[in-house]
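S.K.: Below is the file start-v3.txt, which contains compact mmCIF, C-alpha atoms and all ligand atoms.
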```
# COMPACT_ATOMS: atom_id res chain seq x y z
CA MET T 1 187.16 72.64 -139.27
CA PRO T 2 190.02 74.52 -137.58
CA ALA T 3 189.04 73.29 -134.12
CA LYS T 4 192.42 73.98 -132.54
CA THR T 5 192.29 77.72 -133.09
CA ALA T 6 191.79 79.62 -129.84
CA ILE T 7 188.83 81.98 -129.56
CA GLN T 8 190.05 85.59 -129.55
CA LEU T 9 188.34 88.34 -127.59
CA SER T 10 188.51 92.12 -127.97
CA HIS T 11 186.30 94.93 -126.75
CA GLU T 12 185.34 98.48 -127.60
CA THR T 13 183.60 101.06 -125.46
CA LEU T 14 180.83 103.07 -127.12
CA THR T 15 179.64 106.51 -126.10
CA LEU T 16 175.92 106.79 -126.84
CA HIS T 17 174.08 110.08 -126.42
CA LEU T 18 170.45 110.08 -125.32
CA ARG T 19 168.22 112.09 -127.66
CA GLU T 20 166.81 113.71 -124.52
CA PRO T 21 167.83 113.46 -120.84
CA PHE T 22 166.33 110.23 -119.50
CA ARG T 23 164.96 110.57 -115.98
CA ILE T 24 163.67 107.76 -113.77
CA SER T 25 162.70 107.83 -110.09
CA ARG T 26 166.31 107.45 -108.90
CA GLY T 27 168.26 109.67 -111.32
CA VAL T 28 168.85 111.16 -114.75
CA GLN T 29 171.06 109.91 -117.60
CA THR T 30 172.35 111.74 -120.71
CA ILE T 31 174.95 109.30 -122.05
CA ALA T 32 175.53 105.55 -121.88
CA ARG T 33 178.88 103.80 -122.29
CA PRO T 34 178.23 100.14 -123.08
CA VAL T 35 181.05 97.78 -124.00
CA ILE T 36 180.92 95.68 -127.19
CA ALA T 37 182.73 92.34 -126.97
CA THR T 38 184.01 90.84 -130.22
CA VAL T 39 184.90 87.15 -130.37
CA THR T 40 186.87 85.89 -133.34
CA HIS T 41 187.45 82.30 -134.35
CA ALA T 42 188.71 80.88 -137.64
CA GLY T 43 187.93 84.02 -139.61
CA GLU T 44 184.42 84.53 -138.20
CA THR T 45 183.47 87.22 -135.70
CA GLY T 46 180.61 87.65 -133.26
CA TRP T 47 179.41 90.68 -131.30
CA GLY T 48 177.82 90.92 -127.88
CA GLU T 49 177.08 93.90 -125.63
CA ALA T 50 177.63 94.60 -121.96
CA ALA T 51 175.38 97.37 -120.64
CA PRO T 52 176.67 97.63 -117.06
CA SER T 53 174.65 99.22 -114.28
CA THR T 54 176.07 100.33 -110.96
CA PHE T 55 172.71 99.32 -109.45
CA TYR T 56 173.83 95.71 -110.03
CA GLY T 57 177.47 96.37 -109.07
CA GLU T 58 178.95 96.70 -112.54
CA SER T 59 180.65 99.53 -114.40
CA GLY T 60 182.58 99.96 -117.64
CA ASP T 61 185.76 99.33 -115.66
CA THR T 62 184.55 96.06 -114.15
CA VAL T 63 183.34 94.87 -117.56
CA ARG T 64 186.62 95.71 -119.32
CA SER T 65 188.61 94.19 -116.46
CA LEU T 66 186.66 90.93 -116.59
CA LEU T 67 186.87 90.70 -120.38
CA ASP T 68 190.64 91.25 -120.09
CA THR T 69 190.82 88.54 -117.43
CA LEU T 70 188.85 86.07 -119.55
CA ALA T 71 190.69 86.67 -122.82
CA GLY T 72 192.58 83.51 -123.69
CA GLN T 73 190.34 81.40 -121.43
CA LEU T 74 187.49 80.80 -123.87
CA GLY T 75 188.98 77.62 -125.32
CA ASN T 76 188.94 76.67 -128.98
CA ASP T 77 185.34 75.51 -129.55
CA PRO T 78 182.93 78.45 -129.95
CA PHE T 79 179.96 76.02 -130.06
CA ASN T 80 180.65 74.73 -126.55
CA PHE T 81 178.48 77.37 -124.85
CA GLN T 82 178.01 75.13 -121.83
CA ALA T 83 181.72 74.78 -120.99
CA ILE T 84 182.43 78.44 -121.69
CA VAL T 85 179.55 79.68 -119.53
CA GLU T 86 180.64 77.33 -116.73
CA ARG T 87 184.15 78.77 -116.99
CA LEU T 88 182.82 82.33 -116.78
CA ASP T 89 180.73 81.45 -113.72
CA ALA T 90 183.65 79.66 -112.08
CA THR T 91 185.89 82.70 -112.63
CA VAL T 92 183.62 85.27 -111.05
CA GLN T 93 180.15 85.52 -109.52
CA ARG T 94 177.52 87.95 -110.84
CA ASN T 95 179.04 90.42 -113.41
CA ALA T 96 176.10 89.47 -115.60
CA ALA T 97 176.48 92.24 -118.18
CA ALA T 98 180.08 91.27 -118.96
CA LYS T 99 179.15 87.58 -119.21
CA ALA T 100 176.18 88.42 -121.44
CA ALA T 101 178.52 90.23 -123.86
CA ILE T 102 180.67 87.13 -124.33
CA GLU T 103 177.79 84.67 -124.45
CA CYS T 104 175.81 86.71 -126.99
CA ALA T 105 178.92 87.18 -129.12
CA LEU T 106 179.35 83.38 -129.22
CA HIS T 107 175.73 82.99 -130.37
CA ASP T 108 176.34 85.60 -133.08
CA LEU T 109 179.46 83.77 -134.23
CA ALA T 110 177.79 80.34 -134.14
CA GLY T 111 174.80 81.59 -136.13
CA LYS T 112 177.09 83.11 -138.76
CA ARG T 113 179.12 79.90 -138.99
CA LEU T 114 175.93 77.85 -139.48
CA GLY T 115 174.22 80.43 -141.69
CA VAL T 116 171.15 80.80 -139.44
CA PRO T 117 169.74 83.70 -137.40
CA VAL T 118 170.03 83.33 -133.62
CA HIS T 119 166.28 82.89 -133.16
CA ARG T 120 166.43 79.92 -135.58
CA LEU T 121 169.43 78.54 -133.69
CA LEU T 122 167.18 78.62 -130.60
CA GLY T 123 164.18 77.12 -132.42
CA LEU T 124 162.00 80.23 -132.16
CA ASP T 125 159.40 81.57 -134.58
CA ALA T 126 160.18 85.11 -135.81
CA THR T 127 156.50 85.80 -136.54
CA ARG T 128 155.66 85.48 -132.82
CA THR T 129 157.47 88.61 -131.61
CA PRO T 130 155.49 90.88 -129.26
CA LEU T 131 155.01 94.63 -129.51
CA THR T 132 157.72 96.67 -127.85
CA SER T 133 156.81 99.61 -125.68
CA PHE T 134 158.40 103.03 -126.12
CA THR T 135 159.56 104.59 -122.86
CA ILE T 136 158.67 108.09 -121.70
CA GLY T 137 161.01 109.32 -118.94
CA ILE T 138 159.98 111.60 -116.09
CA ASP T 139 159.67 115.25 -117.17
CA GLU T 140 157.25 118.16 -117.04
CA PRO T 141 153.73 116.96 -117.94
CA GLU T 142 153.61 118.95 -121.19
CA VAL T 143 157.01 117.58 -122.25
CA MET T 144 155.86 114.01 -121.52
CA ALA T 145 152.68 114.66 -123.52
CA ARG T 146 154.76 115.91 -126.47
CA LYS T 147 157.00 112.83 -126.29
CA ALA T 148 153.93 110.59 -126.16
CA ARG T 149 152.51 112.27 -129.28
CA ASP T 150 155.90 112.01 -131.03
CA ALA T 151 155.84 108.25 -130.29
CA HIS T 152 152.61 107.80 -132.28
CA ALA T 153 154.20 104.89 -134.19
CA TYR T 154 154.22 102.88 -130.94
CA PRO T 155 150.88 101.49 -129.71
CA VAL T 156 152.42 100.76 -126.28
CA LEU T 157 154.01 103.36 -124.01
CA LYS T 158 155.96 102.72 -120.82
CA VAL T 159 155.81 105.74 -118.55
CA LYS T 160 158.29 106.23 -115.74
CA VAL T 161 156.66 107.11 -112.42
CA GLY T 162 157.63 107.39 -108.76
CA THR T 163 157.26 111.12 -108.11
CA GLU T 164 154.74 113.19 -106.18
CA ALA T 165 153.18 114.38 -109.46
CA ASP T 166 152.51 111.04 -111.15
CA GLU T 167 148.79 111.75 -111.59
CA GLU T 168 149.39 115.04 -113.39
CA ARG T 169 152.01 113.45 -115.63
CA LEU T 170 149.92 110.39 -116.47
CA ALA T 171 146.87 112.55 -117.14
CA ALA T 172 148.91 114.52 -119.70
CA VAL T 173 150.21 111.36 -121.39
CA ARG T 174 146.76 109.74 -121.45
CA ASP T 175 145.25 112.92 -122.89
CA ALA T 176 147.94 112.96 -125.61
CA ARG T 177 147.47 109.28 -126.48
CA PRO T 178 143.90 108.16 -125.67
CA ASP T 179 144.29 104.86 -127.56
CA ALA T 180 147.72 103.80 -126.28
CA ILE T 181 148.35 100.84 -124.02
CA ILE T 182 150.16 102.41 -121.06
CA ARG T 183 152.30 100.54 -118.55
CA VAL T 184 154.26 102.27 -115.79
CA ASP T 185 157.62 101.68 -114.08
CA ALA T 186 158.36 103.10 -110.62
CA ASN T 187 161.97 101.80 -110.50
CA ALA T 188 161.81 100.78 -106.84
CA ALA T 189 160.41 104.11 -105.64
CA TRP T 190 157.97 103.06 -102.96
CA LEU T 191 157.36 101.27 -99.68
CA PRO T 192 154.28 99.01 -99.63
CA ARG T 193 151.55 101.34 -98.29
CA HIS T 194 152.78 104.26 -100.38
CA ALA T 195 152.88 101.95 -103.43
CA LEU T 196 149.29 100.84 -102.88
CA ALA T 197 148.05 104.41 -102.48
CA SER T 198 149.96 105.48 -105.61
CA ILE T 199 148.61 102.59 -107.66
CA GLN T 200 145.06 103.33 -106.51
CA ARG T 201 145.48 106.94 -107.65
CA ILE T 202 146.86 106.12 -111.12
CA GLU T 203 144.50 103.23 -111.90
CA GLN T 204 142.03 105.73 -113.43
CA PHE T 205 144.38 106.34 -116.37
CA GLY T 206 143.96 102.82 -117.74
CA ILE T 207 147.26 101.20 -116.81
CA GLN T 208 148.23 97.73 -118.09
CA PHE T 209 150.61 96.85 -115.23
CA VAL T 210 153.01 98.39 -112.73
CA GLU T 211 156.70 97.53 -112.93
CA GLN T 212 158.89 97.47 -109.78
CA PRO T 213 156.66 99.53 -107.50
CA LEU T 214 158.63 98.45 -104.42
CA ARG T 215 162.14 98.87 -103.18
CA LEU T 216 164.24 95.71 -102.80
CA LEU T 217 161.99 94.21 -100.15
CA ASP T 218 161.04 90.74 -98.98
CA PRO T 219 158.74 88.61 -101.15
CA GLU T 220 156.06 88.92 -98.43
CA ASP T 221 155.93 92.69 -99.00
CA TRP T 222 155.31 91.98 -102.69
CA ARG T 223 152.64 89.43 -101.79
CA TRP T 224 150.96 92.01 -99.51
CA LEU T 225 150.89 94.57 -102.33
CA ARG T 226 149.81 92.15 -105.05
CA SER T 227 146.86 90.90 -102.99
CA ARG T 228 145.56 94.48 -102.63
CA SER T 229 146.61 96.11 -105.91
CA PRO T 230 143.93 96.76 -108.54
CA LEU T 231 146.68 96.51 -111.21
CA PRO T 232 149.06 93.62 -112.04
CA ILE T 233 152.51 93.87 -110.46
CA PHE T 234 155.80 93.07 -112.24
CA ALA T 235 159.24 92.77 -110.63
CA ASP T 236 162.35 94.06 -112.43
CA GLU T 237 165.16 95.16 -110.10
CA SER T 238 163.96 92.54 -107.57
CA CYS T 239 164.12 89.68 -110.09
CA VAL T 240 167.64 89.30 -111.43
CA ASN T 241 167.65 85.60 -112.34
CA ALA T 242 165.73 82.31 -112.21
CA HIS T 243 166.47 81.96 -108.48
CA ASP T 244 164.60 85.22 -107.84
CA VAL T 245 161.65 83.92 -109.87
CA HIS T 246 161.25 81.05 -107.40
CA ARG T 247 161.60 83.48 -104.47
CA LEU T 248 158.82 85.68 -105.87
CA ALA T 249 156.47 82.87 -106.92
CA GLY T 250 152.92 83.83 -105.99
CA CYS T 251 154.03 87.34 -104.99
CA VAL T 252 153.98 89.04 -108.43
CA ASP T 253 152.07 88.70 -111.69
CA GLY T 254 155.13 88.94 -113.90
CA VAL T 255 158.86 89.56 -114.11
CA VAL T 256 161.19 91.58 -116.33
CA VAL T 257 164.08 89.64 -117.87
CA LYS T 258 167.18 91.48 -119.11
CA LEU T 259 170.35 90.03 -120.59
CA ALA T 260 172.46 92.50 -118.59
CA LYS T 261 170.90 91.28 -115.31
CA VAL T 262 170.89 87.55 -115.95
CA GLY T 263 174.11 87.02 -117.92
CA GLY T 264 173.16 85.91 -121.43
CA LEU T 265 170.66 84.21 -123.70
CA ARG T 266 170.81 80.77 -122.06
CA ALA T 267 170.31 82.17 -118.55
CA ALA T 268 167.51 84.41 -119.86
CA ILE T 269 165.71 81.38 -121.31
CA ALA T 270 166.04 79.62 -117.94
CA GLN T 271 164.54 82.65 -116.18
CA ILE T 272 161.71 82.93 -118.71
CA LEU T 273 160.83 79.23 -118.43
CA ALA T 274 160.96 79.40 -114.62
CA ALA T 275 158.54 82.34 -114.67
CA HIS T 276 156.13 80.57 -117.00
CA LEU T 277 156.34 77.44 -114.83
CA HIS T 278 155.11 79.58 -111.92
CA GLY T 279 152.30 81.08 -113.97
CA MET T 280 153.96 84.48 -114.30
CA GLU T 281 154.06 86.58 -117.43
CA VAL T 282 157.38 87.88 -118.76
CA MET T 283 158.54 91.14 -120.26
CA LEU T 284 161.93 91.31 -121.95
CA GLY T 285 163.60 94.59 -121.02
CA CYS T 286 166.87 96.36 -121.70
CA MET T 287 169.26 99.10 -120.64
CA ILE T 288 170.26 102.15 -122.68
CA GLU T 289 172.34 100.21 -125.19
CA SER T 290 173.10 99.80 -128.86
CA ALA T 291 171.36 97.60 -131.41
CA VAL T 292 173.80 94.79 -130.57
CA GLY T 293 172.29 94.15 -127.13
CA ILE T 294 168.75 95.07 -128.14
CA THR T 295 168.82 92.70 -131.12
CA ALA T 296 170.22 89.86 -129.01
CA ALA T 297 167.29 90.22 -126.59
CA ALA T 298 164.83 90.58 -129.47
CA HIS T 299 165.81 87.15 -130.79
CA LEU T 300 164.35 85.71 -127.54
CA SER T 301 161.16 87.75 -127.73
CA PRO T 302 158.98 85.07 -129.39
CA LEU T 303 159.17 83.37 -125.95
CA VAL T 304 157.57 86.22 -123.97
CA GLU T 305 154.30 88.10 -123.60
CA TYR T 306 155.70 91.64 -123.55
CA ALA T 307 158.77 93.54 -124.71
CA ASP T 308 160.35 96.81 -123.68
CA LEU T 309 163.27 96.80 -126.12
CA ASP T 310 163.68 100.44 -127.00
CA GLY T 311 167.09 101.31 -125.49
CA ASN T 312 168.64 101.88 -128.93
CA LEU T 313 165.69 104.03 -130.05
CA LEU T 314 166.38 106.52 -127.27
CA VAL T 315 169.92 107.35 -128.46
CA SER T 316 170.94 109.55 -131.40
CA ASP T 317 174.23 107.96 -132.43
CA ASP T 318 173.96 104.16 -132.31
CA PRO T 319 176.73 102.84 -134.60
CA PHE T 320 174.85 99.54 -135.11
CA GLU T 321 171.55 98.47 -136.59
CA GLY T 322 169.70 95.18 -136.32
CA VAL T 323 166.16 94.54 -135.11
CA THR T 324 163.60 97.02 -136.44
CA VAL T 325 160.12 97.96 -135.27
CA ASP T 326 156.97 98.05 -137.44
CA LYS T 327 153.92 99.64 -135.80
CA GLY T 328 155.41 98.58 -132.47
CA LYS T 329 156.07 94.97 -133.46
CA LEU T 330 159.66 93.73 -133.30
CA VAL T 331 160.95 92.60 -136.71
CA LEU T 332 163.88 90.20 -136.33
CA PRO T 333 166.75 90.24 -138.82
CA ASP T 334 166.89 87.14 -141.01
CA GLN T 335 170.65 87.34 -141.61
CA PRO T 336 172.89 84.76 -139.88
CA GLY T 337 173.79 85.31 -136.23
CA LEU T 338 172.37 88.37 -134.53
CA GLY T 339 171.97 90.03 -137.93
CA VAL T 340 173.54 93.24 -136.65
CA ARG T 341 175.65 95.47 -138.89
CA ARG T 342 177.82 98.48 -138.20
CA ILE T 343 176.67 101.76 -139.71
CA GLY T 344 178.80 104.19 -137.69
CA ALA T 345 182.28 104.74 -136.34
CA ALA T 346 183.93 102.34 -133.91
CA GLY T 347 184.38 103.26 -130.26
CA GLU T 348 187.55 102.98 -128.17
CA GLN T 349 188.95 99.55 -129.03
CA THR T 350 191.14 97.21 -127.01
CA ILE T 351 192.42 93.71 -127.60
CA ALA T 352 191.24 92.05 -124.40
CA GLY T 353 194.05 91.04 -122.11
CA THR T 354 196.48 93.65 -123.42
CA ALA T 355 195.15 96.68 -121.55
CA SER T 356 196.50 97.65 -118.16
CA THR T 357 193.65 96.88 -115.82
CA LEU T 358 195.41 98.39 -112.76
CA GLY T 359 194.62 95.27 -110.80
CA ALA T 360 190.91 96.03 -110.76
CA THR T 361 188.96 93.05 -109.49
CA PRO T 362 185.54 92.49 -110.97
MG MG U 1 162.23 98.56 -115.12
```
Could I get this structure in the form of structure tokens?
M.R.:
Amino acid sequence: MPAKTAIQLSHETLTLHLREPFRISRGVQTIARPVIATVTHAGETGWGEAAPSTFYGESGDTVRSLLDTLAGQLGNDPFNFQAIVERLDATVQRNAAAKAAIECALHDLAGKRLGVPVHRLLGLDATRTPLTSFTIGIDEPEVMARKARDAHAYPVLKVKVGTEADEERLAAVRDARPDAIIRVDANAAWLPRHALASIQRIEQFGIQFVEQPLRLLDPEDWRWLRSRSPLPIFADESCVNAHDVHRLAGCVDGVVVKLAKVGGLRAAIAQILAAHLHGMEVMLGCMIESAVGITAAAHLSPLVEYADLDGNLLVSDDPFEGVTVDKGKLVLPDQPGLGVRRIGAAGEQTIAGTASTLGATP
């Protein structure tokens, strides 16, 4: 066992093109530029993905800068997740997407070294994966109806809301897919009374739950809404980590856990267990990202009630493949590690620590 070999780190920036412009209540997106971290140790490599969001204070530049800063500081034992994660957290606060890239890459490498898939490494049962939803962004009602029909392979749809015409849009989607389970996501669009009125208007369309109806408000605002809402309430943007789960206990029915918000698989498990401890349900979510990040999250999905892991399905040029979907159900790879393989061209590659980072501070 070549234990004295230092862990190497490099990164590449992908450019992913959305199949169609993706609109939510606070903006529209046509490309995504996630960063793939590659760790190498004793001839084995592991991949992890950072899908940074400016909403949480990260960008491609902050991710690349932090990976450059951390290169050479990962030690020589890729199985010592605890020490490495502590070192990442001691170096910089937050920056969860960048940390998730490194931590997931270490899990990929460890799984490959041991010859087991990541879900087996974590003791999880691959047959217990949930259905994933397929997301319909905000658009003209007839366009949303067409997208809903095109997504006939997915029994669960997640529809973005938070506009003045939500009823018209949801009516079109419901008409297109009478049998679908439909959940909605307002992406922090509303204040409490507006949220309640909106939820009361859309309840008629048979909605499973409402994700992030409120702006980043106090837990008591969430409690006020939950106690009056006819539909279950889930927090996403307001619930970044396990600490937020405790803050929101009793104020929401469920939370959305994302690797890019919480910082990796271990922190995601902590957040999931905290939510279950408080009687909340959990949905695993994602950003617009490649199969590297989506597959990493999917390996945790046997732990949760719901999944919204479709970020890679919304892009036309993902250079990776991993987890697949069968009639909506996530099918985990059974190859060692994440079980992700490259099927397309590499992005812009850099050996971490060698790029000029212009003194950028994450
Ligand atoms: Mg959301």
S.K.: Write out as number ranges by chain each polymer residue whose atoms come within 8 Å of T:Ser10, counting only C-alpha atoms; drop sequence neighbours fewer than 4 positions from it.
M.R.: T: 37-39, 67, 71, 349-352
S.K.: Please identify every polymer residue within 6 Å of ligand MG 1 (chain U), using only C-alpha atoms and all ligand atoms, and present the set as a list in words.
M.R.: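 After applying the 6 Å limit, what remains is Asp185, Asn187 and Asp236 of chain T.
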S.K.: Write out as a PDB file with C-alpha atoms, keeping the file's coordinate frame which residues come within 8 Å of T:Ile182 when counting all atoms listed in the file, dropping same-chain ones fewer than 4 positions away.
M.R.:
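Once everything was written out, this is part.pdb:
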```pdb
ATOM      1  CA  VAL T 156     152.420 100.760-126.280  1.00  0.00           C
ATOM      2  CA  LEU T 157     154.010 103.360-124.010  1.00  0.00           C
ATOM      3  CA  LYS T 158     155.960 102.720-120.820  1.00  0.00           C
ATOM      4  CA  VAL T 159     155.810 105.740-118.550  1.00  0.00           C
ATOM      5  CA  GLY T 206     143.960 102.820-117.740  1.00  0.00           C
ATOM      6  CA  ILE T 207     147.260 101.200-116.810  1.00  0.00           C
ATOM      7  CA  GLN T 208     148.230  97.730-118.090  1.00  0.00           C
TER       8      GLN T 208
END
```
S.K.: Counting all atoms listed in the file, which of T:Gly328, T:Gly353, T:Gly46, T:Gly293 gets nearest to T:His152?
M.R.: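 Between T:Gly328, T:Gly353, T:Gly46, T:Gly293, the residue approaching T:His152 most closely is T:Gly328.
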S.K.: Rank nothing, just name the residue among T:Ile84, T:Ile36, T:Val173, T:Val210 nearest to T:Trp190, using all atoms listed in the file.
M.R.: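 Of T:Ile84, T:Ile36, T:Val173, T:Val210, the one nearest T:Trp190, counting all atoms listed in the file, is T:Val210.
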S.K.: Given the point (158.0, 80.7, -134.8) in the coordinates of this file, which residues lie within 12 Å, counting only C-alpha atoms, and how would they look as a list in words?
M.R.: His119, Arg120, Leu121, Leu122, Gly123, Leu124, Asp125, Ala126, Thr127, Arg128, Thr129, Pro130, His299, Leu300, Ser301, Pro302, Leu303 and Leu332 of chain T
S.K.: So how far away is atom CA of T:Ala346 from atom CA of T:Arg266, in Å?
M.R.: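 Computed distance, atom CA of T:Arg266 to atom CA of T:Ala346, equals 27.9 Å.
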S.K.: I'd like the contact shell of T:Glu20 - 12 Å cut-off, all atoms listed in the file, skipping same-chain residues fewer than 4 positions apart - returned as a PDB file with C-alpha atoms, keeping the file's coordinate frame.
M.R.:
```
ATOM      1  CA  LEU T  16     175.920 106.790-126.840  1.00  0.00           C
ATOM      2  CA  VAL T  28     168.850 111.160-114.750  1.00  0.00           C
ATOM      3  CA  GLN T  29     171.060 109.910-117.600  1.00  0.00           C
ATOM      4  CA  THR T  30     172.350 111.740-120.710  1.00  0.00           C
ATOM      5  CA  ILE T  31     174.950 109.300-122.050  1.00  0.00           C
ATOM      6  CA  THR T 135     159.560 104.590-122.860  1.00  0.00           C
ATOM      7  CA  ILE T 136     158.670 108.090-121.700  1.00  0.00           C
ATOM      8  CA  GLY T 137     161.010 109.320-118.940  1.00  0.00           C
ATOM      9  CA  ILE T 138     159.980 111.600-116.090  1.00  0.00           C
ATOM     10  CA  ASP T 139     159.670 115.250-117.170  1.00  0.00           C
ATOM     11  CA  VAL T 143     157.010 117.580-122.250  1.00  0.00           C
ATOM     12  CA  MET T 144     155.860 114.010-121.520  1.00  0.00           C
ATOM     13  CA  LYS T 147     157.000 112.830-126.290  1.00  0.00           C
ATOM     14  CA  LEU T 313     165.690 104.030-130.050  1.00  0.00           C
ATOM     15  CA  LEU T 314     166.380 106.520-127.270  1.00  0.00           C
ATOM     16  CA  VAL T 315     169.920 107.350-128.460  1.00  0.00           C
ATOM     17  CA  SER T 316     170.940 109.550-131.400  1.00  0.00           C
TER      18      SER T 316
END
```
S.K.: List the neighbours of stretch 211-218 of chain T out to 9 Å using all atoms listed in the file; skip same-chain residues closer than 4 positions along the sequence, and give me the result as a list in words.
M.R.: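 Listed by chain and then number, they are Gly162, Arg183, Val184, Asp185, Ala186, Asn187, Ala188, Ala189, Trp190, Leu191, Pro192, Ala195, Leu196, Ile199, Trp222, Arg223, Leu225, Pro232, Ile233, Phe234, Ala235, Asp236, Glu237, Ser238, Leu248, Gly254, Val255 and Val256 of chain T.
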S.K.: Would you compute the distance between atom CA of T:Pro78 and atom CA of T:Leu109? Give it in Å to one decimal.
M.R.: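 The value is 7.7 Å.
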S.K.: Between atom CA of T:Gly27 and atom CA of T:Leu66, what is the spacing in Å?
M.R.: 26.8 Å
S.K.: Select, from T:Gly60, T:Pro230, T:Pro155, T:Pro219, the residue with the minimum atom-to-atom distance to T:Arg201, counting all atoms listed in the file.
M.R.: T:Pro230
S.K.: Could you model N, CA and C atoms for stretch 306-318 of chain T and present them as a CSV table (one decimal), in the coordinates of the input?
M.R.:
```csv
chain,number,residue,atom,x,y,z
T,306,TYR,N,155.5,90.2,-123.4
T,306,TYR,CA,155.7,91.6,-123.6
T,306,TYR,C,157.2,92.0,-123.8
T,307,ALA,N,157.4,93.1,-124.5
T,307,ALA,CA,158.8,93.5,-124.7
T,307,ALA,C,158.9,95.0,-124.4
T,308,ASP,N,160.0,95.4,-123.9
T,308,ASP,CA,160.4,96.8,-123.7
T,308,ASP,C,161.8,97.0,-124.2
T,309,LEU,N,161.9,96.8,-125.5
T,309,LEU,CA,163.3,96.8,-126.1
T,309,LEU,C,163.5,98.0,-127.0
T,310,ASP,N,163.6,99.2,-126.3
T,310,ASP,CA,163.7,100.4,-127.0
T,310,ASP,C,164.9,101.2,-126.7
T,311,GLY,N,165.9,100.6,-125.9
T,311,GLY,CA,167.1,101.3,-125.5
T,311,GLY,C,167.9,102.0,-126.6
T,312,ASN,N,167.9,101.3,-127.8
T,312,ASN,CA,168.6,101.9,-128.9
T,312,ASN,C,167.8,103.0,-129.6
T,313,LEU,N,166.5,103.0,-129.4
T,313,LEU,CA,165.7,104.0,-130.0
T,313,LEU,C,165.8,105.4,-129.3
T,314,LEU,N,166.3,105.3,-128.1
T,314,LEU,CA,166.4,106.5,-127.3
T,314,LEU,C,167.7,107.3,-127.5
T,315,VAL,N,168.6,106.7,-128.2
T,315,VAL,CA,169.9,107.4,-128.5
T,315,VAL,C,170.0,107.9,-129.9
T,316,SER,N,170.9,108.9,-130.1
T,316,SER,CA,170.9,109.6,-131.4
T,316,SER,C,172.1,109.0,-132.3
T,317,ASP,N,173.0,108.3,-131.7
T,317,ASP,CA,174.2,108.0,-132.4
T,317,ASP,C,174.6,106.5,-132.3
T,318,ASP,N,173.7,105.6,-132.4
T,318,ASP,CA,174.0,104.2,-132.3
T,318,ASP,C,174.7,103.8,-133.6
```
